[in-house]
$ cat structure17.cif   # mmCIF, C-alpha atoms
data_final
loop_
_atom_site.label_atom_id
_atom_site.label_comp_id
_atom_site.auth_asym_id
_atom_site.auth_seq_id
_atom_site.Cartn_x
_atom_site.Cartn_y
_atom_site.Cartn_z
CA MET A 1 0.00 0.00 0.00
CA LYS A 2 3.09 2.22 -0.17
CA PRO A 3 2.15 5.20 -2.36
CA SER A 4 4.34 6.03 -5.31
CA SER A 5 3.88 9.78 -5.72
CA PRO A 6 6.10 12.12 -3.69
CA ARG A 7 3.07 13.80 -2.13
CA GLY A 8 1.69 10.43 -1.22
CA ARG A 9 4.99 9.44 0.38
CA LEU A 10 5.04 12.68 2.35
CA ARG A 11 1.51 12.05 3.60
CA PHE A 12 2.46 8.53 4.59
CA ALA A 13 5.54 9.75 6.47
CA LEU A 14 3.53 12.41 8.26
CA THR A 15 0.97 9.82 9.26
CA LEU A 16 3.66 7.60 10.76
CA ALA A 17 5.16 10.57 12.58
CA GLY A 18 1.73 11.49 13.88
CA ALA A 19 1.16 7.95 15.13
CA ALA A 20 4.54 7.92 16.88
CA ALA A 21 3.83 11.27 18.53
CA TRP A 22 0.44 9.99 19.64
CA ALA A 23 1.98 6.90 21.22
CA LEU A 24 4.66 8.96 22.94
CA VAL A 25 2.16 11.32 24.52
CA TYR A 26 -0.25 8.56 25.44
CA LEU A 27 2.28 6.37 27.21
CA ASN A 28 3.63 9.22 29.27
CA LEU A 29 0.36 10.70 30.43
CA GLN A 30 0.38 9.17 33.89
CA ALA A 31 3.85 10.53 34.62
CA PHE A 32 2.93 13.87 33.11
CA SER A 33 -0.22 14.23 35.17
CA ARG A 34 1.70 13.52 38.37
CA TRP A 35 4.39 16.02 37.44
CA PHE A 36 1.81 18.63 36.51
CA THR A 37 -0.17 18.29 39.72
CA TYR A 38 2.57 17.88 42.28
CA ALA A 39 5.64 19.50 40.77
CA LEU A 40 4.25 22.27 38.59
CA LEU A 41 1.20 23.31 40.58
CA GLY A 42 2.78 22.33 43.85
CA LEU A 43 -0.32 20.67 45.31
CA ARG A 44 0.07 18.30 48.23
CA GLU A 45 -0.57 14.66 47.66
CA GLY A 46 -3.60 12.96 49.14
CA ARG A 47 -5.75 16.06 49.24
CA HIS A 48 -9.15 16.32 47.49
CA LEU A 49 -8.07 19.00 45.06
CA SER A 50 -4.83 17.33 44.03
CA SER A 51 -6.65 14.03 43.54
CA ALA A 52 -9.20 15.69 41.32
CA VAL A 53 -6.62 17.65 39.33
CA GLU A 54 -4.39 14.62 38.75
CA PHE A 55 -7.41 12.64 37.57
CA PHE A 56 -8.40 15.38 35.15
CA VAL A 57 -4.94 15.99 33.70
CA PHE A 58 -4.46 12.26 33.19
CA GLU A 59 -7.87 11.37 31.85
CA ALA A 60 -8.68 14.32 29.62
CA PRO A 61 -5.83 14.00 27.10
CA LYS A 62 -5.98 10.21 27.32
CA VAL A 63 -9.65 10.06 26.45
CA LEU A 64 -9.33 12.61 23.67
CA LEU A 65 -6.40 10.73 22.14
CA LEU A 66 -8.23 7.42 22.25
CA LEU A 67 -11.29 9.03 20.83
CA ALA A 68 -9.43 10.54 17.89
CA VAL A 69 -7.88 7.23 16.93
CA VAL A 70 -11.00 5.15 17.21
CA VAL A 71 -13.34 7.64 15.56
CA PHE A 72 -10.89 7.72 12.68
CA GLY A 73 -10.74 3.94 12.48
CA VAL A 74 -14.49 3.54 12.68
CA GLY A 75 -14.90 6.30 10.09
CA LEU A 76 -12.75 4.19 7.77
CA VAL A 77 -14.86 1.10 8.43
CA ARG A 78 -18.06 3.03 7.97
CA SER A 79 -17.01 4.27 4.56
CA PHE A 80 -17.64 0.70 3.46
CA PHE A 81 -21.22 0.73 4.70
CA THR A 82 -23.99 3.05 3.67
CA PRO A 83 -27.61 3.08 4.84
CA GLU A 84 -28.66 2.13 1.30
CA HIS A 85 -26.35 -0.86 1.38
CA THR A 86 -27.72 -1.89 4.75
CA ARG A 87 -31.27 -1.51 3.55
CA ARG A 88 -30.56 -3.76 0.56
CA MET A 89 -29.08 -6.39 2.83
CA LEU A 90 -32.06 -6.34 5.17
CA ALA A 91 -34.94 -6.06 2.71
CA GLY A 92 -37.16 -9.10 2.74
CA ARG A 93 -35.18 -10.95 5.41
CA ARG A 94 -37.03 -13.24 7.74
CA GLU A 95 -37.18 -12.30 11.38
CA THR A 96 -34.61 -13.73 13.77
CA ALA A 97 -31.86 -13.90 11.15
CA GLY A 98 -32.85 -10.39 10.10
CA ASN A 99 -32.76 -9.22 13.72
CA VAL A 100 -29.22 -10.53 14.17
CA LEU A 101 -28.02 -8.91 10.96
CA ALA A 102 -29.77 -5.63 11.73
CA SER A 103 -28.25 -5.44 15.20
CA LEU A 104 -24.76 -6.01 13.81
CA LEU A 105 -25.25 -3.59 10.95
CA GLY A 106 -26.47 -0.94 13.36
CA VAL A 107 -22.99 -0.80 14.82
CA VAL A 108 -21.15 -0.19 11.55
CA THR A 109 -23.64 1.83 9.54
CA PRO A 110 -23.27 5.58 9.91
CA PHE A 111 -26.27 6.88 11.75
CA CYS A 112 -27.33 10.10 13.39
CA SER A 113 -30.56 10.25 15.33
CA CYS A 114 -31.85 13.01 13.10
CA SER A 115 -31.92 10.43 10.30
CA ALA A 116 -34.03 8.05 12.35
CA VAL A 117 -37.21 8.98 10.52
CA PRO A 118 -36.10 8.86 6.87
CA LEU A 119 -34.28 5.66 7.67
CA PHE A 120 -37.26 4.07 9.38
CA ILE A 121 -39.49 4.97 6.46
CA GLY A 122 -36.96 3.83 3.88
CA PHE A 123 -36.49 0.49 5.60
CA VAL A 124 -40.13 -0.24 6.26
CA THR A 125 -41.26 0.69 2.78
CA SER A 126 -38.71 -1.58 1.13
CA GLY A 127 -39.87 -4.66 2.90
CA VAL A 128 -37.65 -4.74 5.96
CA PRO A 129 -39.84 -6.21 8.74
CA LEU A 130 -40.83 -3.83 11.53
CA GLY A 131 -39.02 -5.78 14.25
CA VAL A 132 -35.82 -5.95 12.19
CA THR A 133 -35.93 -2.20 11.65
CA PHE A 134 -36.26 -1.74 15.39
CA SER A 135 -33.24 -3.95 16.05
CA PHE A 136 -31.28 -1.61 13.85
CA LEU A 137 -32.68 1.51 15.49
CA ILE A 138 -31.76 0.20 18.92
CA SER A 139 -28.23 -0.95 18.24
CA ALA A 140 -27.20 2.07 16.15
CA PRO A 141 -27.21 4.70 18.89
CA MET A 142 -26.48 2.38 21.78
CA VAL A 143 -23.50 0.37 20.58
CA ASN A 144 -21.46 3.24 19.31
CA GLU A 145 -17.73 3.42 18.91
CA VAL A 146 -17.28 6.42 21.14
CA ALA A 147 -18.82 4.54 24.05
CA LEU A 148 -16.79 1.41 23.35
CA VAL A 149 -13.52 3.29 23.08
CA LEU A 150 -14.02 5.14 26.27
CA LEU A 151 -15.08 2.03 28.11
CA PHE A 152 -12.04 0.21 26.79
CA GLY A 153 -9.73 3.06 27.67
CA LEU A 154 -11.05 3.49 31.17
CA PHE A 155 -12.05 -0.02 32.20
CA GLY A 156 -10.34 -2.46 29.90
CA TRP A 157 -11.51 -4.69 27.10
CA LYS A 158 -13.72 -6.94 29.21
CA VAL A 159 -16.11 -4.17 30.18
CA ALA A 160 -16.14 -2.82 26.64
CA ALA A 161 -16.84 -6.27 25.21
CA LEU A 162 -19.58 -6.81 27.78
CA TYR A 163 -21.22 -3.55 26.87
CA ALA A 164 -21.06 -4.33 23.15
CA GLY A 165 -22.30 -7.88 23.62
CA THR A 166 -25.23 -7.02 25.83
CA GLY A 167 -26.11 -4.02 23.69
CA LEU A 168 -26.38 -6.29 20.67
CA LEU A 169 -28.36 -8.80 22.69
CA ILE A 170 -30.85 -6.16 23.76
CA ALA A 171 -31.13 -4.84 20.20
CA PHE A 172 -31.80 -8.34 18.94
CA SER A 173 -34.31 -9.36 21.62
CA ALA A 174 -36.22 -6.11 21.80
CA GLY A 175 -36.52 -5.96 18.02
CA TRP A 176 -37.54 -9.60 17.87
CA VAL A 177 -40.18 -9.17 20.60
CA ILE A 178 -41.62 -6.09 18.96
CA GLY A 179 -41.72 -7.94 15.66
CA ARG A 180 -43.56 -10.84 17.25
CA LEU A 181 -46.17 -8.51 18.70
CA HIS A 182 -47.18 -7.47 15.19
CA LEU A 183 -47.68 -3.84 16.03
CA GLU A 184 -47.94 -2.57 12.47
CA ARG A 185 -51.27 -1.00 13.35
CA TRP A 186 -49.42 1.50 15.51
CA VAL A 187 -47.23 2.79 12.73
CA GLU A 188 -48.49 6.05 11.28
CA PRO A 189 -50.90 5.13 8.44
CA TRP A 190 -49.33 7.35 5.81
CA ILE A 191 -46.19 5.24 5.99
CA LEU A 192 -48.07 1.99 5.53
CA GLU A 193 -49.67 3.54 2.48
CA LEU A 194 -46.21 4.24 1.13
CA ARG A 195 -45.34 0.61 1.69
CA GLN A 196 -48.29 -0.43 -0.46
CA ALA A 197 -46.91 1.70 -3.24
CA LYS A 198 -43.70 -0.43 -3.12
CA ARG A 199 -41.17 2.27 -3.67
CA GLU A 200 -37.55 2.01 -4.58
CA THR A 201 -35.40 4.42 -2.65
CA SER A 202 -33.14 6.68 -4.61
CA VAL A 203 -29.48 6.33 -4.02
CA GLY A 204 -28.03 9.75 -4.69
CA ASN A 205 -24.39 9.96 -5.58
CA GLU A 206 -22.72 6.66 -4.66
CA PRO A 207 -19.38 6.46 -6.41
CA ARG A 208 -16.84 3.75 -5.64
CA LEU A 209 -14.65 5.27 -2.99
CA ALA A 210 -10.90 5.40 -3.42
CA TRP A 211 -8.69 4.78 -0.41
CA LYS A 212 -7.92 8.49 -0.30
CA ASP A 213 -11.64 9.22 0.05
CA ARG A 214 -11.96 6.69 2.84
CA VAL A 215 -9.14 8.33 4.76
CA GLY A 216 -10.85 11.65 4.15
CA PHE A 217 -14.04 10.15 5.54
CA GLY A 218 -12.17 9.09 8.66
CA ARG A 219 -10.55 12.49 9.03
CA ASP A 220 -13.87 14.26 8.55
CA ALA A 221 -15.36 11.97 11.18
CA VAL A 222 -12.67 12.96 13.66
CA ARG A 223 -13.07 16.65 12.90
CA ASP A 224 -16.82 16.35 13.12
CA ILE A 225 -17.31 14.04 16.11
CA VAL A 226 -14.36 15.03 18.29
CA GLY A 227 -14.92 18.63 17.31
CA ARG A 228 -18.49 18.43 18.53
CA VAL A 229 -17.99 16.21 21.51
CA TRP A 230 -14.86 17.48 23.23
CA PRO A 231 -16.61 20.03 25.49
CA PHE A 232 -18.82 17.23 26.77
CA VAL A 233 -15.84 14.97 27.27
CA LEU A 234 -14.01 17.63 29.26
CA GLY A 235 -17.16 18.46 31.19
CA GLY A 236 -17.80 14.82 31.96
CA ILE A 237 -14.20 14.28 33.03
CA ALA A 238 -14.36 17.36 35.20
CA VAL A 239 -17.43 15.97 36.94
CA GLY A 240 -15.68 12.62 37.20
CA ALA A 241 -12.62 14.31 38.65
CA ALA A 242 -14.71 16.14 41.22
CA ILE A 243 -16.43 12.92 42.25
CA HIS A 244 -13.09 11.14 42.31
CA GLY A 245 -11.50 13.76 44.48
CA TYR A 246 -14.26 14.80 46.80
CA VAL A 247 -16.85 12.07 47.22
CA PRO A 248 -15.99 9.64 50.00
CA GLN A 249 -14.83 6.22 48.95
CA ASN A 250 -17.92 4.13 49.41
CA PHE A 251 -20.59 6.76 49.19
CA MET A 252 -22.09 5.31 46.06
CA ALA A 253 -22.17 1.81 47.47
CA SER A 254 -25.14 2.65 49.65
CA ILE A 255 -27.16 4.11 46.80
CA MET A 256 -26.04 2.17 43.75
CA GLY A 257 -24.35 -0.80 45.33
CA ARG A 258 -25.22 -4.43 44.80
CA SER A 259 -27.50 -4.85 47.76
CA ALA A 260 -29.83 -2.05 46.73
CA TRP A 261 -32.20 -4.04 44.51
CA TRP A 262 -34.16 -0.99 43.53
CA ALA A 263 -31.04 0.72 42.19
CA VAL A 264 -31.23 -0.93 38.75
CA PRO A 265 -34.78 0.10 37.81
CA LEU A 266 -34.18 3.52 39.29
CA ALA A 267 -30.99 3.94 37.26
CA VAL A 268 -32.80 2.97 34.07
CA LEU A 269 -35.70 5.30 34.79
CA PHE A 270 -33.30 8.12 35.54
CA GLY A 271 -31.51 7.49 32.28
CA ILE A 272 -34.51 7.54 29.96
CA PRO A 273 -35.25 11.27 29.99
CA MET A 274 -31.56 12.10 30.08
CA TYR A 275 -29.69 12.41 26.90
CA SER A 276 -25.99 12.61 26.60
CA ASN A 277 -23.58 11.56 23.97
CA ALA A 278 -21.48 8.62 25.00
CA ALA A 279 -18.39 10.71 25.51
CA GLY A 280 -19.88 12.85 28.20
CA ILE A 281 -21.41 10.10 30.26
CA ILE A 282 -18.47 7.77 30.57
CA PRO A 283 -16.27 9.78 32.88
CA ILE A 284 -19.25 10.03 35.18
CA VAL A 285 -19.63 6.28 34.93
CA GLN A 286 -16.02 5.90 35.89
CA ALA A 287 -16.33 8.09 38.91
CA LEU A 288 -19.46 6.30 40.07
CA LEU A 289 -17.77 2.93 39.72
CA GLY A 290 -14.74 4.17 41.56
CA LYS A 291 -16.93 5.12 44.47
CA GLY A 292 -18.50 1.74 44.94
CA ALA A 293 -21.47 1.69 42.59
CA ALA A 294 -22.18 -1.76 41.22
CA LEU A 295 -21.11 -2.36 37.61
CA GLY A 296 -24.50 -3.66 36.50
CA THR A 297 -26.34 -0.63 37.83
CA VAL A 298 -23.92 1.79 36.25
CA LEU A 299 -23.95 0.05 32.87
CA ALA A 300 -27.74 -0.01 32.96
CA PHE A 301 -27.74 3.70 33.64
CA MET A 302 -25.36 4.35 30.80
CA MET A 303 -27.27 2.23 28.30
CA SER A 304 -30.47 3.92 29.27
CA VAL A 305 -29.01 7.40 28.81
CA ILE A 306 -27.48 6.65 25.43
CA GLY A 307 -29.92 4.14 24.02
CA LEU A 308 -33.24 5.64 25.03
CA SER A 309 -33.21 9.30 24.37
CA PHE A 310 -36.16 11.55 24.82
CA PRO A 311 -35.30 13.70 21.78
CA GLU A 312 -35.24 10.57 19.62
CA MET A 313 -38.66 9.57 20.93
CA VAL A 314 -39.97 12.98 19.97
CA ILE A 315 -38.55 12.58 16.50
CA LEU A 316 -39.97 9.08 16.13
CA ARG A 317 -43.40 10.35 17.12
CA LYS A 318 -43.71 11.46 13.52
CA VAL A 319 -43.78 7.87 12.34
CA LEU A 320 -44.92 5.88 15.35
CA LYS A 321 -48.07 6.24 17.37
CA VAL A 322 -47.67 6.81 21.10
CA PRO A 323 -48.57 3.23 22.15
CA LEU A 324 -45.78 1.87 19.95
CA LEU A 325 -43.32 4.41 21.35
CA ILE A 326 -44.25 3.26 24.83
CA VAL A 327 -43.82 -0.39 23.89
CA PHE A 328 -40.47 0.42 22.31
CA ALA A 329 -39.17 2.28 25.36
CA SER A 330 -40.53 -0.33 27.75
CA VAL A 331 -39.13 -3.37 25.95
CA VAL A 332 -35.71 -1.78 25.65
CA GLY A 333 -35.87 -0.49 29.21
CA LEU A 334 -36.78 -3.94 30.45
CA GLY A 335 -33.92 -5.49 28.51
CA ILE A 336 -31.50 -3.02 30.04
CA MET A 337 -32.81 -3.74 33.52
CA ILE A 338 -32.37 -7.47 33.06
CA VAL A 339 -28.81 -6.91 31.90
CA GLY A 340 -28.18 -4.74 34.95
CA TYR A 341 -29.45 -7.38 37.36
CA VAL A 342 -27.58 -10.19 35.67
CA PHE A 343 -24.31 -8.27 35.84
CA ASN A 344 -24.79 -7.41 39.47
CA ALA A 345 -25.49 -11.03 40.26
CA VAL A 346 -22.68 -12.51 38.20
CA LEU A 347 -19.80 -10.08 38.56
CA MET B 1 -31.32 26.48 -10.70
CA GLU B 2 -33.35 25.06 -7.88
CA ILE B 3 -31.54 23.74 -4.83
CA LYS B 4 -33.23 22.01 -1.93
CA ILE B 5 -31.58 21.06 1.33
CA LEU B 6 -33.38 18.24 3.11
CA GLY B 7 -33.00 18.05 6.83
CA THR B 8 -34.84 18.26 10.12
CA GLY B 9 -32.58 20.79 11.75
CA CYS B 10 -29.60 18.90 13.08
CA PRO B 11 -26.16 20.57 12.92
CA ASN B 12 -25.17 18.67 9.75
CA CYS B 13 -28.15 20.03 7.87
CA LYS B 14 -27.34 23.57 8.93
CA GLU B 15 -23.72 23.09 7.90
CA LEU B 16 -24.80 21.85 4.48
CA GLU B 17 -26.96 24.91 3.94
CA ARG B 18 -24.10 27.15 4.99
CA ARG B 19 -21.72 25.42 2.59
CA VAL B 20 -24.11 25.54 -0.33
CA ARG B 21 -24.71 29.23 0.12
CA ALA B 22 -20.98 29.88 0.43
CA VAL B 23 -20.24 27.96 -2.78
CA LEU B 24 -23.02 29.79 -4.63
CA ALA B 25 -21.67 33.15 -3.48
CA GLY B 26 -18.14 32.13 -4.45
CA LEU B 27 -19.21 31.06 -7.92
CA GLY B 28 -21.49 34.03 -8.38
CA VAL B 29 -24.31 31.71 -9.45
CA ALA B 30 -27.89 32.62 -8.69
CA ALA B 31 -30.08 29.81 -7.40
CA ASP B 32 -33.28 29.26 -5.51
CA VAL B 33 -32.20 27.69 -2.23
CA GLU B 34 -34.90 26.08 -0.13
CA LYS B 35 -34.53 24.28 3.18
CA VAL B 36 -37.04 21.45 3.53
CA THR B 37 -37.68 20.42 7.12
CA ASP B 38 -41.07 18.77 6.81
CA ILE B 39 -40.56 15.05 7.27
CA GLN B 40 -43.28 14.00 4.83
CA LYS B 41 -41.85 16.19 2.09
CA ILE B 42 -38.39 14.84 2.77
CA THR B 43 -39.55 11.25 2.36
CA GLU B 44 -40.89 12.12 -1.08
CA PHE B 45 -37.27 12.29 -2.17
CA LYS B 46 -36.72 8.75 -0.94
CA ILE B 47 -33.44 9.34 0.85
CA LEU B 48 -32.45 7.15 3.76
CA SER B 49 -30.60 9.65 5.90
CA THR B 50 -30.34 13.37 6.22
CA PRO B 51 -28.95 15.79 5.23
CA GLY B 52 -29.88 15.52 1.59
CA LEU B 53 -28.97 17.78 -1.31
CA VAL B 54 -31.26 18.10 -4.30
CA ILE B 55 -30.31 20.10 -7.39
CA ASN B 56 -32.99 20.73 -10.02
CA GLY B 57 -35.03 17.83 -8.70
CA ARG B 58 -32.20 15.28 -8.65
CA VAL B 59 -30.80 13.91 -5.38
CA VAL B 60 -27.02 14.38 -5.58
CA SER B 61 -26.11 13.42 -2.05
CA SER B 62 -27.66 12.00 1.08
CA GLY B 63 -26.56 11.04 4.56
CA ARG B 64 -23.45 13.20 4.69
CA VAL B 65 -22.22 16.76 4.31
CA PRO B 66 -20.36 16.83 1.00
CA ARG B 67 -17.14 18.77 0.66
CA ALA B 68 -17.25 22.27 -0.81
CA GLU B 69 -15.36 21.03 -3.90
CA GLU B 70 -18.04 18.42 -4.57
CA ILE B 71 -20.83 20.98 -4.20
CA ARG B 72 -18.95 23.30 -6.53
CA ASP B 73 -18.59 20.55 -9.16
CA TRP B 74 -22.29 19.68 -9.01
CA ILE B 75 -23.40 23.29 -9.31
CA ARG B 76 -20.97 24.01 -12.11
CA GLY B 77 -22.09 20.85 -13.87
CA THR B 78 -25.73 21.81 -13.62
CA ALA B 79 -25.20 25.42 -14.61
CA GLY B 80 -23.67 24.09 -17.82
#
$ encode --input "structure17.cif" --output "structure tokens"
Amino acid sequence: MKPSSPRGRLRFALTLAGAAAWALVYLNLQAFSRWFTYALLGLREGRHLSSAVEFFVFEAPKVLLLLAVVVFGVGLVRSFFTPEHTRRMLAGRRETAGNVLASLLGVVTPFCSCSAVPLFIGFVTSGVPLGVTFSFLISAPMVNEVALVLLFGLFGWKVAALYAGTGLLIAFSAGWVIGRLHLERWVEPWILELRQAKRETSVGNEPRLAWKDRVGFGRDAVRDIVGRVWPFVLGGIAVGAAIHGYVPQNFMASIMGRSAWWAVPLAVLFGIPMYSNAAGIIPIVQALLGKGAALGTVLAFMMSVIGLSFPEMVILRKVLKVPLLIVFASVVGLGIMIVGYVFNAVL
Amino acid sequence: MEIKILGTGCPNCKELERRVRAVLAGLGVAADVEKVTDIQKITEFKILSTPGLVINGRVVSSGRVPRAEEIRDWIRGTAG
């Protein structure tokens, strides 16, 4: 894949240099944060403020670096998948197999919640079963790369894998259940009429992408996502740092700890009206965990915040009647709660 | 030339409108630019994700914010 043109070689060299610089900064962050807090600012060790500051100086650059790399990588992967491509793969599939495929595709297909409606309509009118469409709509926002990266960076691959696995499981089951309930009557009628008309969706400009375009896609993704999300990341880390530094060690254990059985449903209910992008919520998750909250409860909270968002419900109201919205939120909410309980019991 | 920008108001849609207007101003081309936010009208264009860009009734892009160079090429191509 070595490019032959001089400009191409220069770009390649710059990329390698960039990667090396990234690794250098990343591996030295812990030492840097200690130096910054105790040597440069002169704070005393073991105090609330110094604890919080060290946490912030370590975590903020670390998270942003991880984010940049993964958003870029996922941007590259996503350049291979378009919603039209996904729709073609899902059209006419039987349930169950379709639910599995839709859940997996939700992870890699580019999706923004503002597109939820055109996508829903496009899928349903081309013969993608209702339940399969829902599996896609659940996995797309919930199992997103920003969340996975941050979980991996802060808690290790096991937690990240768990989150991804259970997210897919919930997307599959909730979509499958909704499909089985045959709730087509609660889809707005004008959409069902469109389905009768058996439309082909238009594709717009879909040229074969060159590798250069794919890299551009990745770069644009970084500029776009990190550019939009970094204030929330810093804000979330700041909150996390404050919790880390000031909240007593086991404070959360009493409220969100394993023995509090009501913590899981409460966490899910709290999460539903809240909406945050994944980047902002994770540092809070970290701080809560560090203070004794049970992993299952915290993951349930996080899934509920990211996966069930009130703004998305409002948007979907245009295509779904209220009863179906309620069923959707309840089935997903229930799935999240079950996951929360199982984690608390098993881990 | 008739240009429609399809989107429900998310930041990408606003950015697309901004870019289109900037390209038009840069090229000195006059065009009728309309922002379509009504969901039912948007679905008439059969796109799967917003934002969408329609020039003289033809969908040239959907689901992403095209680069200024691409927008310029499309407009120049249509203006003839």
$ interface_residues --input "structure17.cif" --of "chain B" --to "chain A" --cutoff "12 Å" --atoms "all atoms listed in the file" --output "count of residues only"
42
$ residues_near_point --input "structure17.cif" --point "(-35.1, -3.2, 10.4)" --cutoff "12 Å" --atoms "all atoms listed in the file" --output "JSON, numbers by chain"
{"A": [83, 86, 87, 88, 89, 90, 91, 92, 93, 94, 95, 96, 97, 98, 99, 100, 101, 102, 103, 104, 105, 106, 116, 119, 120, 121, 122, 123, 124, 125, 126, 127, 128, 129, 130, 131, 132, 133, 134, 135, 136, 137, 138, 139, 140, 171, 172, 174, 175, 176, 178, 179]}
$ closest_residue --input "structure17.cif" --among "A:Gly280, A:Gly292, A:Gly333, A:Gly46" --to "Pro231 (chain A)" --atoms "only C-alpha atoms"
A:Gly280
$ axis_aligned_box --input "structure17.cif" --around "region 140-154 of chain A" --padding-each-side "3 Å" --output "AutoDock Vina command-line options"
--center_x -18.5 --center_y 3.3 --center_z 23.7 --size_x 23.5 --size_y 12.2 --size_z 21.0
$ atom_distance --input "structure17.cif" --atom1 "CA of Ala300 (chain A)" --atom2 "CA of Val339 (chain A)"
7.1 Å
$ atom_distance --input "structure17.cif" --atom1 "CA of Ser330 (chain A)" --atom2 "CA of Leu308 (chain A)"
9.8 Å
$ atom_distance --input "structure17.cif" --atom1 "CA of Lys35 (chain B)" --atom2 "CA of Lys4 (chain B)"
5.7 Å
$ resolve_selection --input "structure17.cif" --expression "the PyMOL selection byres ((chain A and resi 71) around 8)" --output "list in words"
Leu67, Ala68, Val69, Val70, Phe72, Gly73, Val74, Gly75, Glu145, Val146, Gly218, Ala221, Val222, Ile225 and Val226 of chain A
